[in-house]
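A.B. asks: Pasting a structure here, questions to come.
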Amino acid sequence: MNDEHPPLADHPLTRARLEKLERIRRAGLDPYPVKFERTHRSAELHAAFGDLPPGTETDQVVSVAGRVRLLRSFGRLVFVTLEDASGRIQLFVEPNTVGESFDHLELVDLGDWLGATGRVMTTRKGELSVKVTDYAILAKGLRPLPDKWKGLTDVEARSRRRYLDLIVNPDSRRVAVLRSKVVSELRRQFDARGYLEVETPVLQTQAGGALARPFVTHHNALDLDMYLRIATELHLKRLIVGGFEKVYEIGKVFRNEGIDSTHNPEFTMLESYEAFADYHDIARLVEEVLPAVAEAALGTTEITYQGRPLSLRPPYRRVRMVDLVGEELGVKAPHRLDRERLAEEAARRGIAVDPGWGAGKLVEELFDHLVAPRLWEPTFVLDHPVETSPLARRHRDDPDLTERFELFVAGSEYANAFSELNDPLDQRARFLAQARARAGGDDEAHPVDEDYLQALEYGMPPTGGLGIGVDRLVMLLADRHHIREVILFPTLRPEDP
RNA sequence: GGGUCGCUAGCUCAAUUGGCUAGAGCAACGGACUCUUAAUCCGUGGGUUGUGGGUUCGAGUCCCACGCGACCCA
């Protein structure tokens with residue numbers, strides 16, 4: 001045995017469990033049976049028999065199954081607390097009822113999966129229990145669970161071994177469930193509005209649709225370097241060219257950048273595109289979808305985030321980025337100031353200025369540093385500079401700005417939307433400007449995508465587009481302040497390099 | 001990328017200025033117990049103190065490098 005399981009046999013705690021596994025087999029029992037027929041989940045028993053008075057014995061025979069979370073032995077009477085996905089139920093096990101298999105209870109450890117059949121009863125103290133006539137080990141655990149009271153607290157261990165976190169920390173299970181509700185409600189909202197859910201390629205020969213560094217991989221048969229997508233935008237807009245009027249996609253995108261409390265290299269985005277809509281229409285869409293998601297996930301639009309109350313009830317404030325920055329600088333139209341003046345203003349406020357930045361980028365940097373952190377209630381920040389928005393159409397009233405908004409809540413960005421740029425010649429000019437930035441050393445600049453330009457040249461109708469960062473949204477609704485708390489398996493360095 | 005802090009038993013944590021054989025609770029093992037709720041009681045075992053070097057009579061503690069992580073800043 002020791003030769004077959006060296007790591008487990010090496011440690012006293014796991015060796016003891018291996019020995020029990022052998023004893024289970026020697027007793028003619030299967031430690032990993034294929035099937036157990038259960039009749040009730042714990043929550044169903046509590047719902048059906050929750051009002052039984054103490055000391056009741058019923059004739060109702062039920063079968064339950066779950067993981068052993070607590071085990072209390074009084075010699076000839078044993079209490080076992082089983083946990084399934086719905087909650088906990090106590091087993092009442094005594095030799096009179098269960099017979100010879102009572103002795104096999106000593107082979108059961110905390111963490112094992114157990115199935116039990118018996119009659120519903122309450123103890124003298126009133127605890128709803130199953131008085132066991134038969135039970136079976138459904139899966140023998142070979143490693144000890146974390147402390148049954150203190151649990152698992154180390155954030156690294158909780159992320160690396162999420163299954164343990166989920167076993168012992170109910171909060172972690174709640175966040176995972178909340179995330180699922182958010183995603184399904186998002187889907188429901190767009191489906192209900194007649195949007196077509198589509199899938200676009202993750203592997204691309206060019207990574208566009210956002211300003212970010214991509215992951216590179218290699219296709220062997222084609223002998224071709226490929227990129228993991230950094231956005232779904234350009235393919236979804238090709239579908240609008242193709243004649244679909246409302247499309248959306250919820251999917252993972254990948255950005256090759258650092259990991260911190262709001263960034264994971266792979267994260268989940270929702271993007272939607274609607275023909276004949278402009279960014280004002282999209283803002284109204286967001287004002288409908290966001291409260292609906294909050295209602296579905298939490299039952300309310302009035303939430304608490306970082307200890308402060310926050311209302312997601314529309315309407316949301318609308319304000320132009322250049323007005324917010326202008327207020328800060330005491331000028332009227334900051335994007336018309338010359339670059340040097342803006343660079344000076346930024347530097348004076350402690351912002352590290354890159355010599356490659358133009359006036360537009362400087363305005364946006366000033367906004368990000370000076371204004372954004374102060375925006376608590378949901379706010380649509382409108383009309384970004386052309387320089388930083390290569391896929392948004394020029395503003396109908398100001399050619400230096402675009403028809404774009406970002407939704408800010410609690411100091412962070414939650415949505416990004418534009419009236420899409422559908423002028424193929426302007427789009428080409430914007431790509432070329434990005435190419436110059438790339439040549440100047442900006443490796444996040446957008447590449448020139450000839451295939452996308454060709455699609456635009458066939459004509460894309462006026463279109464409104466939207467992107468929502470799903471992970472951030474879950475963080476907001478779950479009141480979690482680190483992205484790894486809302487991603488079940490966040491990106492981590494390997495433990496043993 | 002920079003700074004600060006952390007890494008001790010399966011889990012949660014101790015260990016005084018560098019000084020006895022690195023302790024405790026849970027978990028494990030042995031025993032008692034037919035109404036517990038983190039059951040209780042008695043007893044036992046369990047450690048390469050993240051890794052590798054160094055200083056010292058003596059290192060969990062001090063120094064250096066590396067690994068993994070946390071927080072803050074860019």
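Simple scheme: letters A, B, ... for chains in structure tokens order, numbers from 1 for residues in each chain, numbers from 1 for ligands in the order shown.
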Can you tell me which residues surround stretch 1-3 of chain B at a distance of at most 10 Å, considering only C-alpha atoms (C1' of nucleotides), apart from same-chain residues fewer than 3 positions away, and format the answer as a ChimeraX atom specification?
C.D. replies: /B:72-74
A.B. asks: Go through chain A and flag each residue having an atom no more than 9 Å from chain B; for those, report the closest pair of atoms plus their distance in Å to one decimal, using only C-alpha atoms (C1' of nucleotides), ordered by chain and rising number, as CSV.
C.D. replies:
```
residue,atom,partner,partner_atom,distance
A:Pro12,CA,B:G46,C1',7.2
A:Leu13,CA,B:A28,C1',5.6
A:Thr14,CA,B:G10,C1',8.7
A:Ala16,CA,B:A28,C1',7.6
A:Leu70,CA,B:A38,C1',8.5
A:Arg72,CA,B:A39,C1',6.3
A:Ser73,CA,B:A39,C1',8.2
A:Phe74,CA,B:C33,C1',5.2
A:Gly75,CA,B:C33,C1',5.8
A:Arg76,CA,B:U34,C1',5.6
A:Leu77,CA,B:U34,C1',5.0
A:Val78,CA,B:U36,C1',8.4
A:Phe79,CA,B:U36,C1',6.7
A:Glu94,CA,B:U34,C1',7.7
A:Leu110,CA,B:A27,C1',8.9
A:Thr123,CA,B:C35,C1',6.2
A:Arg124,CA,B:C35,C1',5.9
A:Lys125,CA,B:C35,C1',6.9
A:Glu127,CA,B:U37,C1',8.5
A:Arg143,CA,B:G10,C1',7.6
A:Pro144,CA,B:G10,C1',5.9
A:Leu145,CA,B:G10,C1',7.4
A:Pro146,CA,B:C11,C1',4.3
A:Asp147,CA,B:C11,C1',4.4
A:Lys148,CA,B:C26,C1',6.9
A:Trp149,CA,B:A38,C1',6.0
A:Lys150,CA,B:U12,C1',5.6
A:Gly151,CA,B:C11,C1',6.8
A:Leu152,CA,B:C11,C1',6.8
A:Thr153,CA,B:U12,C1',8.3
A:Val155,CA,B:A70,C1',8.4
A:Glu156,CA,B:G69,C1',6.5
A:Ala352,CA,B:A74,C1',8.4
A:Arg493,CA,B:C68,C1',8.1
A:Pro494,CA,B:C68,C1',8.6
A:Glu495,CA,B:C68,C1',6.6
A:Asp496,CA,B:G67,C1',8.4
A:Pro497,CA,B:G67,C1',8.1
```
A.B. asks: Excluding same-chain residues fewer than 6 positions from A:Gln206, what lies within 10 Å of it counting only C-alpha atoms (C1' of nucleotides), as an mmCIF file with N, CA, C and O atoms, in the first residue's frame?
C.D. replies:
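Output contents, as saved in result25.cif:
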```cif
data_model
loop_
_atom_site.group_PDB
_atom_site.id
_atom_site.type_symbol
_atom_site.label_atom_id
_atom_site.label_comp_id
_atom_site.auth_asym_id
_atom_site.auth_seq_id
_atom_site.Cartn_x
_atom_site.Cartn_y
_atom_site.Cartn_z
ATOM 1 N N PRO A 214 -2.036 41.759 -26.068
ATOM 2 C CA PRO A 214 -2.654 40.439 -26.128
ATOM 3 C C PRO A 214 -1.712 39.316 -25.679
ATOM 4 O O PRO A 214 -0.495 39.506 -25.590
ATOM 5 N N VAL A 216 -0.085 35.817 -26.863
ATOM 6 C CA VAL A 216 0.270 35.239 -28.159
ATOM 7 C C VAL A 216 0.316 33.728 -28.009
ATOM 8 O O VAL A 216 0.808 33.205 -27.004
ATOM 9 N N ASP A 225 1.333 32.436 -35.774
ATOM 10 C CA ASP A 225 1.119 33.034 -34.463
ATOM 11 C C ASP A 225 -0.292 33.593 -34.399
ATOM 12 O O ASP A 225 -0.754 34.210 -35.357
ATOM 13 N N MET A 226 -0.958 33.350 -33.287
ATOM 14 C CA MET A 226 -2.312 33.875 -33.129
ATOM 15 C C MET A 226 -2.413 34.557 -31.770
ATOM 16 O O MET A 226 -1.569 34.362 -30.906
ATOM 17 N N TYR A 227 -3.456 35.358 -31.633
ATOM 18 C CA TYR A 227 -3.659 36.099 -30.392
ATOM 19 C C TYR A 227 -4.967 35.684 -29.744
ATOM 20 O O TYR A 227 -5.926 35.354 -30.444
ATOM 21 N N LEU A 228 -4.993 35.691 -28.423
ATOM 22 C CA LEU A 228 -6.264 35.529 -27.723
ATOM 23 C C LEU A 228 -6.964 36.883 -27.740
ATOM 24 O O LEU A 228 -6.329 37.918 -27.537
ATOM 25 N N ARG A 229 -8.247 36.874 -27.949
ATOM 26 C CA ARG A 229 -8.972 38.128 -28.130
ATOM 27 C C ARG A 229 -8.864 39.032 -26.895
ATOM 28 O O ARG A 229 -8.824 38.547 -25.757
ATOM 29 N N ILE A 230 -8.803 40.340 -27.124
ATOM 30 C CA ILE A 230 -8.827 41.314 -26.034
ATOM 31 C C ILE A 230 -10.197 41.986 -25.963
ATOM 32 O O ILE A 230 -10.462 42.773 -25.070
ATOM 33 N N HIS A 446 -3.964 50.400 -31.108
ATOM 34 C CA HIS A 446 -4.787 49.472 -31.877
ATOM 35 C C HIS A 446 -4.111 49.142 -33.204
ATOM 36 O O HIS A 446 -3.641 50.036 -33.891
ATOM 37 N N PRO A 447 -4.053 47.862 -33.602
ATOM 38 C CA PRO A 447 -3.468 47.522 -34.893
ATOM 39 C C PRO A 447 -4.420 47.897 -36.033
ATOM 40 O O PRO A 447 -5.624 48.025 -35.832
ATOM 41 N N VAL A 448 -3.865 48.075 -37.233
ATOM 42 C CA VAL A 448 -4.685 48.327 -38.420
ATOM 43 C C VAL A 448 -5.303 46.988 -38.828
ATOM 44 O O VAL A 448 -4.595 46.028 -39.106
ATOM 45 N N ASP A 449 -6.626 46.918 -38.819
ATOM 46 C CA ASP A 449 -7.306 45.658 -39.136
ATOM 47 C C ASP A 449 -7.951 45.803 -40.520
ATOM 48 O O ASP A 449 -9.056 46.319 -40.652
ATOM 49 N N GLU A 450 -7.229 45.354 -41.554
ATOM 50 C CA GLU A 450 -7.696 45.532 -42.936
ATOM 51 C C GLU A 450 -8.987 44.766 -43.195
ATOM 52 O O GLU A 450 -9.863 45.224 -43.912
ATOM 53 N N ASP A 451 -9.101 43.586 -42.581
ATOM 54 C CA ASP A 451 -10.304 42.782 -42.803
ATOM 55 C C ASP A 451 -11.540 43.491 -42.242
ATOM 56 O O ASP A 451 -12.598 43.503 -42.855
#
```
A.B. asks: Looking only at the backbone, which of the residues in stretch 67-290 of chain A does DSSP tag as helix (DSSP H, G or I), as number ranges by chain?
C.D. replies: A: 95-107, 155-160, 162-168, 170-192, 233-241, 279-290
A.B. asks: To one decimal place, how far is atom CA of A:Glu287 from atom CA of A:Glu266 in Å?
C.D. replies: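 Interatomic distance, atom CA of A:Glu287 to atom CA of A:Glu266: 26.7 Å.
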A.B. asks: Set the distance at 12 Å and use only C-alpha atoms (C1' of nucleotides): which residues neighbour B:G23 once local chain neighbours fewer than 6 positions away are removed? I'd like the list as a list of chain:residue names.
C.D. replies: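 Final neighbour list, sorted by chain and number: B:U8, B:A9, B:C13, B:A14, B:A15, B:G47.
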A.B. asks: Write out, as a short mmCIF file (atom, residue, chain, number, x, y, z; two decimals), in the first residue's frame, the residues just selected, with N, CA and C atoms (P, O5', C5', C4', C3', O3' and C1' of nucleotides).
C.D. replies:
```
data_model
loop_
_atom_site.label_atom_id
_atom_site.label_comp_id
_atom_site.auth_asym_id
_atom_site.auth_seq_id
_atom_site.Cartn_x
_atom_site.Cartn_y
_atom_site.Cartn_z
P U B 8 3.31 29.25 7.76
"O5'" U B 8 4.38 29.01 8.91
"C5'" U B 8 5.49 28.16 8.69
"C4'" U B 8 5.91 27.51 9.97
"C3'" U B 8 4.84 26.66 10.65
"O3'" U B 8 4.70 25.38 10.06
"C1'" U B 8 5.84 28.05 12.26
P A B 9 3.25 24.81 9.90
"O5'" A B 9 3.26 23.51 10.84
"C5'" A B 9 3.97 22.34 10.44
"C4'" A B 9 3.16 21.12 10.79
"C3'" A B 9 1.70 21.18 10.38
"O3'" A B 9 1.29 19.90 9.93
"C1'" A B 9 1.83 20.82 12.70
P C B 13 -5.07 32.73 11.13
"O5'" C B 13 -4.69 32.74 12.68
"C5'" C B 13 -3.38 32.96 13.11
"C4'" C B 13 -3.31 32.61 14.58
"C3'" C B 13 -2.00 32.95 15.27
"O3'" C B 13 -1.97 34.33 15.65
"C1'" C B 13 -2.64 30.76 15.84
P A B 14 -0.54 35.01 15.95
"O5'" A B 14 -0.26 34.45 17.41
"C5'" A B 14 0.94 33.78 17.70
"C4'" A B 14 0.97 33.38 19.13
"C3'" A B 14 2.34 33.52 19.78
"O3'" A B 14 2.52 34.80 20.35
"C1'" A B 14 1.57 31.33 20.07
P A B 15 3.90 35.62 20.07
"O5'" A B 15 5.00 34.64 20.64
"C5'" A B 15 5.08 34.35 22.03
"C4'" A B 15 6.13 33.31 22.27
"C3'" A B 15 7.50 33.63 21.67
"O3'" A B 15 8.26 34.50 22.48
"C1'" A B 15 6.89 31.41 21.12
P G B 47 6.91 15.04 13.05
"O5'" G B 47 6.73 16.61 12.99
"C5'" G B 47 5.93 17.22 11.98
"C4'" G B 47 6.51 18.56 11.61
"C3'" G B 47 8.03 18.54 11.42
"O3'" G B 47 8.38 19.34 10.31
"C1'" G B 47 7.43 20.12 13.10
#
```
A.B. asks: Considering only C-alpha atoms, can you say which of A:Leu211, A:Ala65, A:Pro462, A:Leu453 comes closest to A:Glu387?
C.D. replies: A:Leu211
A.B. asks: Would you please extract all strand (DSSP E) residues from stretch 123-332 of chain A, as assigned by DSSP on the backbone, and give them as a VMD selection string?
C.D. replies: chain A and resid 128 to 139 196 to 197 203 to 204 216 to 219 224 to 228 246 to 254 266 to 275 302 to 305 308 to 311 317 to 320
A.B. asks: By how many Å are atom C1' of B:A65 and atom CA of A:Asp260 apart?
C.D. replies: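 We find that atom C1' of B:A65 and atom CA of A:Asp260 lie 26.2 Å from each other.
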A.B. asks: I'd like the contact shell of B:G30 - 12 Å cut-off, only C-alpha atoms (C1' of nucleotides), skipping same-chain residues fewer than 3 positions apart - returned as a PyMOL selection string.
C.D. replies: chain B and resi 42-45
A.B. asks: Which of these residues is nearest to A:Gly209, using only C-alpha atoms: A:Glu197, A:Glu271, A:Asp30, A:Glu37?
C.D. replies: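 Once distances to A:Gly209 are computed over only C-alpha atoms, the minimum belongs to A:Glu271.
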A.B. asks: In Å, rounded to a single decimal, give me how far atom CA of A:Val168 is from atom CA of A:Gly111.
C.D. replies: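 That distance, rounded to one decimal, is 10.6 Å.
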